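Participant: I'd like to ask you about the structure that follows.
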Amino acid sequence: MDCLFCKIVSGDIPSKKIYEDDLIYVFEDIAPTAPIHYLLIPKEHIVSAASINENNSKVIAHIFEIIAQLAEEKGMEEGFRVVNNCGESGGQTVMHLHFHLLSGRQLNWPAG
Ligand code: 5GP
Ligand code: ZN
């Protein structure tokens with residue numbers, strides 16, 4: 001399948017790995033917008049948050065368990081932000097479900 005993030009999971013495209021298990025892969029964003037900017041993705045190809053259903057939603061709970069674990073391990077005690085862009089007008093540019101984990105600076109709200 002011609003999917004950038006599937007190729008990152010398989011190792012065909014290199015990435016800076018932060019964490020990996022059977023279900024998910026976590027790596028540094030290539031264009032970070034904060035001192036910490038990780039992407040958390042299911043290894044299974046799920047297009048977007050609009051494709052989450054009762055058959056594939058367990059991985060979402062798992063992603064948030066790992067977010068809490070990484071927040072503790074990587075020194076995000078002052079706070080962090082989790083972002084999911086879904087669909088074209090939601091700002092999604094890579095059509096493989098991913099969550100941005102941002103930390104290490106004051107993050108403004110509301111975001112554009
Ligand atoms: P989106 O805009 O779809 O929510 O987020 C896609 C993210 O993937 C962007 O923040 C972008 O910087 C990141 N990205 C795009 N291509 C690559 C790549 O080849 N490697 C890594 N590590 N990140 C990428
Ligand atoms: Zn994919």
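Letters for chains follow the order of the structure tokens (A, B, ...), residue numbers begin at 1 for each chain, and ligand numbers begin at 1 in the order shown.
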Write out as CSV the residues of chain A that have any atom within 7 Å of an atom of ligand 1, one row each with the nearest atom pair and its distance in Å to one decimal, counting only C-alpha atoms and all ligand atoms, sorted by chain and then rising number.
Facilitator:
```
residue,atom,partner,partner_atom_place_in_ligand_line,distance
A:Leu4,CA,ligand 1,19 (O),6.7
A:Ser15,CA,ligand 1,22 (N),5.4
A:Lys16,CA,ligand 1,22 (N),6.9
A:Phe27,CA,ligand 1,22 (N),6.3
A:Glu28,CA,ligand 1,22 (N),5.3
A:Asp29,CA,ligand 1,22 (N),4.1
A:Ile30,CA,ligand 1,23 (N),4.0
A:Ala31,CA,ligand 1,12 (O),4.3
A:Pro32,CA,ligand 1,12 (O),6.6
A:Asn84,CA,ligand 1,4 (O),6.3
A:Asn85,CA,ligand 1,4 (O),4.7
A:Gly91,CA,ligand 1,2 (O),5.5
A:Gln92,CA,ligand 1,3 (O),3.6
A:Thr93,CA,ligand 1,3 (O),3.6
A:Val94,CA,ligand 1,3 (O),4.2
A:Met95,CA,ligand 1,3 (O),6.7
A:His98,CA,ligand 1,4 (O),6.9
```
Participant: For ligand 2, return the neighbouring residues as number ranges by chain (distance at most 10 Å; only C-alpha atoms and all ligand atoms).
Facilitator: A: 1-9, 41-48, 94-98
Participant: Please identify the alpha helix (DSSP H) residues within chain A (assignment by DSSP from backbone atoms) and present them as a list of chain:residue names.
Facilitator: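 Checking each residue of chain A, the alpha helix (DSSP H) ones are A:Leu4, A:Phe5, A:Cys6, A:Lys7, A:Ile8, A:Val9, A:Ser10, A:Lys58, A:Val59, A:Ile60, A:Ala61, A:His62, A:Ile63, A:Phe64, A:Glu65, A:Ile66, A:Ile67, A:Ala68, A:Gln69, A:Leu70, A:Ala71, A:Glu72, A:Glu73.
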Participant: Could you save those same residues with C-alpha atoms as a tab-separated table (two decimals), in the first residue's frame?
Facilitator:
```
chain	number	residue	atom	x	y	z
A	4	LEU	CA	3.83	7.00	4.11
A	5	PHE	CA	3.12	5.97	7.69
A	6	CYS	CA	2.73	2.26	6.80
A	7	LYS	CA	6.22	2.55	5.26
A	8	ILE	CA	7.49	4.15	8.47
A	9	VAL	CA	6.00	1.26	10.50
A	10	SER	CA	7.67	-1.31	8.21
A	58	LYS	CA	-9.32	-0.52	21.20
A	59	VAL	CA	-6.10	0.88	19.79
A	60	ILE	CA	-7.30	4.41	20.60
A	61	ALA	CA	-7.52	3.63	24.32
A	62	HIS	CA	-4.08	2.05	24.08
A	63	ILE	CA	-2.63	5.15	22.39
A	64	PHE	CA	-3.87	7.29	25.29
A	65	GLU	CA	-2.40	4.89	27.85
A	66	ILE	CA	0.97	5.27	26.12
A	67	ILE	CA	0.56	9.05	25.95
A	68	ALA	CA	0.24	9.12	29.77
A	69	GLN	CA	3.27	6.83	30.08
A	70	LEU	CA	5.40	8.95	27.73
A	71	ALA	CA	4.30	12.16	29.50
A	72	GLU	CA	5.76	10.77	32.70
A	73	GLU	CA	8.91	9.35	31.13
```
Participant: Using backbone DSSP assignments, extract all strand (DSSP E) residues from region 7-112 of chain A; output them as a VMD selection string.
Facilitator: chain A and resid 17 to 20 24 to 28 36 to 42 80 to 83 99 to 103
Participant: For Gly104 (chain A), please output as a PyMOL selection string all residues within 7 Å (counting only C-alpha atoms; exclusion window: fewer than 2 positions along the same chain).
Facilitator: chain A and resi 34-36+76
Participant: Pull N, CA, C and O atoms from the residues just selected and write them as a compact mmCIF listing (two decimals), in the first residue's frame.
Facilitator:
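The resulting file, out.txt, is reproduced below:
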```txt
# COMPACT_ATOMS: atom_id res chain seq x y z
N ALA A 34 7.01 22.04 18.36
CA ALA A 34 7.25 22.23 19.79
C ALA A 34 8.50 21.41 20.13
O ALA A 34 8.89 20.52 19.36
N PRO A 35 9.15 21.71 21.27
CA PRO A 35 10.34 20.95 21.64
C PRO A 35 10.10 19.43 21.65
O PRO A 35 10.99 18.66 21.31
N ILE A 36 8.91 19.02 22.10
CA ILE A 36 8.49 17.62 21.95
C ILE A 36 7.34 17.60 20.96
O ILE A 36 6.33 18.29 21.14
N MET A 76 6.95 15.70 30.81
CA MET A 76 5.89 16.63 30.38
C MET A 76 5.00 17.02 31.54
O MET A 76 3.80 17.29 31.36
```
Participant: Separation of CA of Cys86 (chain A) and CA of Leu107 (chain A), in Å?
Facilitator: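 Going from CA of Cys86 (chain A) over to CA of Leu107 (chain A) covers 20.2 Å.
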Participant: Pick from A:Arg105, A:Arg81, A:Ser89, A:Asn55: nearest to Leu39 (chain A), with only C-alpha atoms counted?
Facilitator: A:Arg81
